[in-house]
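Here is the structure we will look at, set down as structure tokens.
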2 protein chains.
Amino acid sequence: MKKFNVAVVGASGAVGREVLATLAQRSFPFSTLRLFSSHRSAGQKTKVGSLAATFEVLGDNESFKGLDIVFFTSGSTVSEQHAFRAAASGALVIDNASIFRMRPDVPLVVPEVNGAALDSARDTRVVANPNCTTAQMVMALKPLHDRFRVKRVVLASYQAVSGKGQKGIDEFKRQIREHVDGRPLTTEAFPHPIAFNCLPHIDTFRADGFTGEEHKVMEETRKILGDPSIRVVATCVRVPVLNCHSESVTIETEKPVTVEQAREALSAMPGVKVFDDPATNTYPLALDVSGKDDVYVGRIRKDPSLAEGQYGLTFWVVGDNLRKGAALNAVQIAEAAIARGLIQNQAPR
Amino acid sequence: MKKFNVAVVGASGAVGREVLATLAQRSFPFSTLRLFSSHRSAGQKTKVGSLAATFEVLGDNESFKGLDIVFFTSGSTVSEQHAFRAAASGALVIDNASIFRMRPDVPLVVPEVNGAALDSARDTRVVANPNCTTAQMVMALKPLHDRFRVKRVVLASYQAVSGKGQKGIDEFKRQIREHVDGRPLTTEAFPHPIAFNCLPHIDTFRADGFTGEEHKVMEETRKILGDPSIRVVATCVRVPVLNCHSESVTIETEKPVTVEQAREALSAMPGVKVFDDPATNTYPLALDVSGKDDVYVGRIRKDPSLAEGQYGLTFWVVGDNLRKGAALNAVQIAEAAIARGLIQNQAPR
């Protein structure tokens, strides 16, 4: 079996560490592993599976020579500076930042949904990993779109603080502690207190009043499903949950659809689990889905607000935003790229 | 000025205590006050404004003679047993339970929205106080409906634990403490842990997969707005917030509507405050609205997912579910009923 030289940029962050855990859990075939991190973590050692590795600082003119796969998990500034340089060195870049996602020459991939789009990265050698909220939503939309044709999507999200990275998790935990101690809640990472609150504000505001996060959902959904005619409106809300995004998704379809047919279609989708039995209080919950690979769908109902001749559903989707929403999907992209012969195998170095 | 003999049933609960606070804050003209509570609180004393009162147990055959206004805040079982008996004694009953809300002979009232409907209680003498989620939503819908005609509403809610009453608040606080102490979260009031979680389950499930809470929103909205043609779909979610419900509301209108026109219409609505300036991170938040009388609306955007010839908006509504969603609206109903001459003044007893 081929083995690969792999690097993870941002390896000490919330998504980076999840990438390392996922590589180990899935016995990813790496022969060498370079871990780039902030100055704060540089020099520290960690273990990934049986391999010991040391965090190193990413130099401004870092050479990526000899690397087969580089995961970027540090955000758009770092990706902008280094991703295409890494790709030019021959590596396949899997980029978790948002900056390249809508570029026509960069495929935006959820392997179960549009794995074939990977082939268009043969030249640019950069693949974008979607926004977390979008990734789990398209997992549920794909089988419904294939069978009933989704025309319109109304999303309201309930997003965990881990989506803001380690500093989001730390801030929420600090505020919980402040509350218990009877002290005022202090804010740094979020614009307002997140403990005991719901913030309808993720990413920065655009001129149309929507946030960057909402634009990502609205635009990336169309690109991943490969259908620019799908109309999407999103309201993205940060909630006081540590991990896992929950979503209230309301769709209109071109073809008639029953709850039973939707259950069937969703159950047949790899990576999706239907978890929907009101009689036993069974529906997906953030606390339960955290750490799971699958995207969970429940509360599937016929939408009673549609006019005659209109068809649609409303349902509840929960996914682990650090896994399917980030690290797992990134590693699955690497696995799919290997399977499709996209990765130049340079190992052993 | 006339003064009234008032009673509050469920006076020691979360809503009941808020009714007492609201009566005092608004200098409600009561001459006597009877407070009915559970056995647990019976005999305890409290002060409402300058008046000292003692909690008493509500007897099975309690006489409501001499009372002008009775607020019921104990839930449907108690209301079913006593509300119409109290009304038969000559009191005007303002009932916070859900059981009578959809009865054609019982008006369901948000005074700023449909105060005139109160007149239909002249005979039955029972007025229903709407569901909390519905009350704050119709405050925002009313001025938009009047001007642009609302055809369809898609709601996703973010509901505070105080909506479950004192036992919901206590359970959430206990779970926070358990988390901080590293103990497993124990559940009693809610079907699953609410701390660090989002529960898409409020009230009991119906055969169509919707919950009772969702049905309340879908049905009460039409009744209060007096327009059975409005189509509503709701997903009601409990979130780890102590007080105030937040709502993502997406509407379709018959007439074209701009964000500016919507702001104008909402700003002119008594009891509604537009709080919407993305440039300064200004939008309504549960922590800020708690304790406020007004319903706050922000994040007002044109819905980009509508097809040509369709019009609509999406926005964010936050209200104090114990105040406008319950106690304040109940007291406002009493004030409006007095103004409309509906209350037989029997004081002084």
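Just so we're on the same page: first chain in the structure tokens is A, next is B, and so on; residues restart at 1 for each chain, and ligands are numbered from 1 in the order they show up.
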Would you mind listing, for every residue of chain A within 7 Å of chain B, the two atoms forming the shortest contact and the distance between them in Å to one decimal, using only C-alpha atoms, sorted by chain and ascending residue number, as a Markdown table?
```
| residue | atom | partner | partner_atom | distance |
| --- | --- | --- | --- | --- |
| A:Arg152 | CA | B:Ser305 | CA | 6.6 |
| A:Ala156 | CA | B:Ala156 | CA | 6.4 |
| A:Phe196 | CA | B:Val241 | CA | 4.2 |
| A:Asn197 | CA | B:Ala286 | CA | 5.6 |
| A:Cys198 | CA | B:Leu285 | CA | 6.5 |
| A:Leu199 | CA | B:Leu285 | CA | 6.7 |
| A:Phe205 | CA | B:Pro278 | CA | 6.3 |
| A:Gly209 | CA | B:Arg301 | CA | 5.9 |
| A:Arg231 | CA | B:Ser305 | CA | 4.5 |
| A:Val232 | CA | B:Ser305 | CA | 5.0 |
| A:Val233 | CA | B:Ser305 | CA | 5.4 |
| A:Thr235 | CA | B:Ser248 | CA | 7.0 |
| A:Pro240 | CA | B:Phe196 | CA | 6.1 |
| A:Val241 | CA | B:Phe196 | CA | 4.2 |
| A:Leu242 | CA | B:Phe196 | CA | 6.1 |
| A:Ser248 | CA | B:Ala156 | CA | 6.6 |
| A:Pro278 | CA | B:Phe205 | CA | 6.3 |
| A:Leu285 | CA | B:Cys198 | CA | 6.5 |
| A:Ala286 | CA | B:Asn197 | CA | 5.6 |
| A:Leu287 | CA | B:Asn197 | CA | 5.8 |
| A:Arg299 | CA | B:Gly209 | CA | 6.8 |
| A:Arg301 | CA | B:Gly209 | CA | 5.9 |
| A:Asp303 | CA | B:Val233 | CA | 6.4 |
| A:Pro304 | CA | B:Val233 | CA | 6.2 |
| A:Ser305 | CA | B:Arg231 | CA | 4.5 |
```
Item to check | Nearby residues (only C-alpha atoms) at most 12 Å from Arg40 of chain A, same-chain spacing under 4 positions excluded, as number ranges by chain | outcome: A: 10-13, 36, 44, 55-57
Checklist entry - atom CA of Arg323 of chain A and atom CA of Asp293 of chain A, how far apart in Å? => result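 So the two atoms, atom CA of Asp293 of chain A and atom CA of Arg323 of chain A, lie 6.3 Å apart.
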Checklist entry - So what do you get for atom CA of Thr221 of chain B versus atom CA of Val106 of chain B, distance-wise? => result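 Computed distance, atom CA of Thr221 of chain B to atom CA of Val106 of chain B, equals 14.9 Å.
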Checklist entry - Looking only at the backbone, which of the residues in segment 99-337 of chain A does DSSP tag as strand (DSSP E), as a count of residues only? => result 46
Next on the checklist: Which of segment 187-216 of chain B end up as alpha helix (DSSP H) when DSSP is run on this backbone - answer as a PyMOL selection string?
Outcome noted: chain B and resi 212-216
Item to check | Non-local contacts of Thr32 of chain B (7 Å; only C-alpha atoms; under 4 positions in same chain excluded) as a VMD selection string | outcome: chain B and resid 4 to 6
